[in-house]
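Structure file structure.csv; described as CSV, C-alpha atoms.
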chain,number,residue,atom,x,y,z
J,30,MET,CA,101.0,111.7,91.4
J,31,ARG,CA,98.6,111.7,94.3
J,32,LEU,CA,96.1,109.1,95.4
J,33,ILE,CA,92.6,110.0,96.6
J,34,ASP,CA,90.1,108.0,98.5
J,35,GLU,CA,87.7,106.1,96.2
J,36,ASP,CA,84.9,106.6,98.8
J,37,ASP,CA,85.4,110.4,98.6
J,38,VAL,CA,85.0,110.3,94.8
J,39,ILE,CA,81.9,108.1,95.0
J,40,SER,CA,80.4,110.3,97.6
J,41,LEU,CA,81.0,113.4,95.5
J,42,LEU,CA,79.4,111.8,92.4
J,43,ALA,CA,76.5,110.4,94.5
J,44,ASN,CA,75.7,113.8,96.0
J,45,HIS,CA,75.9,115.6,92.7
J,46,HIS,CA,72.7,116.6,90.8
J,47,PHE,CA,72.6,115.2,87.3
J,48,ASP,CA,70.0,116.2,84.8
J,49,ASP,CA,69.2,115.2,81.2
J,50,ASP,CA,70.4,118.5,79.8
J,51,ASN,CA,73.2,117.5,77.4
J,52,GLU,CA,73.8,121.1,76.6
J,53,ASN,CA,75.6,121.6,79.9
J,54,PHE,CA,77.5,118.3,79.8
J,55,ASP,CA,81.0,119.9,79.2
J,56,LEU,CA,80.4,122.3,82.0
J,57,LEU,CA,79.3,119.5,84.3
J,58,ILE,CA,82.5,117.5,83.5
J,59,HIS,CA,84.6,120.6,84.0
J,60,ASN,CA,83.0,121.3,87.4
J,61,LEU,CA,83.3,117.6,88.5
J,62,CYS,CA,87.0,117.6,87.6
J,63,LYS,CA,87.5,120.8,89.7
J,64,GLU,CA,85.7,119.1,92.6
J,65,VAL,CA,87.7,115.9,92.4
J,66,GLN,CA,90.9,118.0,92.4
J,67,GLN,CA,89.8,119.4,95.8
J,68,ILE,CA,89.5,116.0,97.4
J,69,PRO,CA,92.3,115.7,100.0
J,70,THR,CA,95.2,113.4,99.2
J,71,ALA,CA,94.8,110.0,100.9
J,72,TYR,CA,98.4,108.9,100.2
J,73,ASP,CA,101.2,111.1,98.9
J,74,VAL,CA,103.7,108.9,97.1
J,75,ASP,CA,106.2,111.7,96.7
J,76,ALA,CA,106.2,112.5,100.4
J,77,VAL,CA,106.7,108.8,101.3
J,78,VAL,CA,109.6,108.5,98.8
J,79,GLU,CA,111.2,111.7,100.2
J,80,GLN,CA,111.0,110.3,103.8
J,81,LEU,CA,112.5,107.0,102.7
J,82,GLU,CA,115.3,108.8,100.7
J,83,ASN,CA,116.1,110.8,103.9
J,84,GLU,CA,116.4,107.6,105.9
J,85,ARG,CA,118.5,106.0,103.3
J,86,LYS,CA,120.9,109.0,103.2
J,87,PHE,CA,121.1,108.9,107.0
J,88,TRP,CA,122.3,105.3,106.9
J,89,GLU,CA,124.7,106.0,104.0
J,90,GLU,CA,126.4,108.4,106.5
J,91,ALA,CA,126.2,106.0,109.4
J,92,SER,CA,129.5,105.0,111.1
J,93,ASN,CA,128.6,101.3,111.3
J,94,LEU,CA,128.8,100.4,107.6
J,95,GLN,CA,127.9,96.7,108.3
J,96,ILE,CA,124.5,97.7,109.6
J,97,GLY,CA,124.2,100.8,107.4
J,98,GLY,CA,124.8,98.8,104.1
J,99,ALA,CA,121.9,96.5,104.8
J,100,LYS,CA,119.6,99.3,105.7
J,101,ILE,CA,120.6,101.3,102.6
J,102,ARG,CA,119.6,98.3,100.4
J,103,SER,CA,116.4,97.9,102.4
J,104,TYR,CA,115.4,101.6,101.9
J,105,ALA,CA,116.3,101.5,98.2
J,106,HIS,CA,114.1,98.4,97.8
J,107,ALA,CA,111.2,100.1,99.8
J,108,ILE,CA,111.5,103.2,97.6
J,109,GLU,CA,111.1,101.1,94.4
J,110,ILE,CA,108.1,99.3,95.9
J,111,VAL,CA,106.4,102.6,96.8
J,112,LYS,CA,107.2,104.2,93.4
J,113,GLY,CA,105.8,101.1,91.7
J,114,GLY,CA,102.6,101.3,93.7
J,115,GLY,CA,103.2,97.8,95.2
J,116,VAL,CA,102.1,96.2,91.9
J,117,LYS,CA,104.3,93.6,90.4

For this file, write the structure as structure tokens.
Amino acid sequence: MRLIDEDDVISLLANHHFDDDNENFDLLIHNLCKEVQQIPTAYDVDAVVEQLENERKFWEEASNLQIGGAKIRSYAHAIEIVKGGGVK
């Protein structure tokens, strides 16, 4: 999954020429979908999760298990929040 900026989508739609020709509606939708796919990623959930996983793995291997254990739990919790989109 990737998140894109709402303003970029609105700008794309606002600057697009729409006409009343229903015959080309499928082509219009197809072209709009292709344009939306080209919008840069605003927030890459997978990249954030990967970075947090790497940090968690680092602390799993840390020599100070007292501090490392707490950090491991914190990173695991942060990963779940990111994967859930922060929505409860």

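In this model, the gap between atom CA of Leu57 of chain J and atom CA of Leu42 of chain J comes to 11.2 Å.
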
### Residues within 12 Å of (119.4, 99.8, 102.3), counting all atoms listed in the file, listed as a list in words
Leu81, Glu82, Asn83, Glu84, Arg85, Lys86, Phe87, Trp88, Glu89, Glu90, Ala91, Leu94, Gln95, Ile96, Gly97, Gly98, Ala99, Lys100, Ile101, Arg102, Ser103, Tyr104, Ala105, His106, Ala107, Ile108 and Glu109 of chain J

Generate a file of the selected residues that holds C-alpha atoms, formatted as an mmCIF file, in the coordinates of the input.
data_model
loop_
_atom_site.group_PDB
_atom_site.id
_atom_site.type_symbol
_atom_site.label_atom_id
_atom_site.label_comp_id
_atom_site.auth_asym_id
_atom_site.auth_seq_id
_atom_site.Cartn_x
_atom_site.Cartn_y
_atom_site.Cartn_z
ATOM 1 C CA LEU J 81 112.500 107.000 102.700
ATOM 2 C CA GLU J 82 115.300 108.800 100.700
ATOM 3 C CA ASN J 83 116.100 110.800 103.900
ATOM 4 C CA GLU J 84 116.400 107.600 105.900
ATOM 5 C CA ARG J 85 118.500 106.000 103.300
ATOM 6 C CA LYS J 86 120.900 109.000 103.200
ATOM 7 C CA PHE J 87 121.100 108.900 107.000
ATOM 8 C CA TRP J 88 122.300 105.300 106.900
ATOM 9 C CA GLU J 89 124.700 106.000 104.000
ATOM 10 C CA GLU J 90 126.400 108.400 106.500
ATOM 11 C CA ALA J 91 126.200 106.000 109.400
ATOM 12 C CA LEU J 94 128.800 100.400 107.600
ATOM 13 C CA GLN J 95 127.900 96.700 108.300
ATOM 14 C CA ILE J 96 124.500 97.700 109.600
ATOM 15 C CA GLY J 97 124.200 100.800 107.400
ATOM 16 C CA GLY J 98 124.800 98.800 104.100
ATOM 17 C CA ALA J 99 121.900 96.500 104.800
ATOM 18 C CA LYS J 100 119.600 99.300 105.700
ATOM 19 C CA ILE J 101 120.600 101.300 102.600
ATOM 20 C CA ARG J 102 119.600 98.300 100.400
ATOM 21 C CA SER J 103 116.400 97.900 102.400
ATOM 22 C CA TYR J 104 115.400 101.600 101.900
ATOM 23 C CA ALA J 105 116.300 101.500 98.200
ATOM 24 C CA HIS J 106 114.100 98.400 97.800
ATOM 25 C CA ALA J 107 111.200 100.100 99.800
ATOM 26 C CA ILE J 108 111.500 103.200 97.600
ATOM 27 C CA GLU J 109 111.100 101.100 94.400
#

### atom CA of Leu32 of chain J to atom CA of Ala71 of chain J, distance in Å rounded to a single decimal
5.7 Å

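Atom CA of Arg31 of chain J is positioned 11.1 Å from atom CA of Val77 of chain J.
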
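Candidate residues J:Asp55, J:Ser40, J:His46, J:Ile33 were compared for distance to Gln67 of chain J, and the nearest is J:Ile33, using only C-alpha atoms.
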
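Minimum distance to Asp34 of chain J across J:Val65, J:Gln80, J:Ile58, J:Gly113 (counting all atoms listed in the file) occurs at J:Val65.
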
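Nearest residue to Asn44 of chain J, choosing from J:Val74, J:Ile110, J:Gln66, J:Leu61 and counting all atoms listed in the file: J:Leu61.
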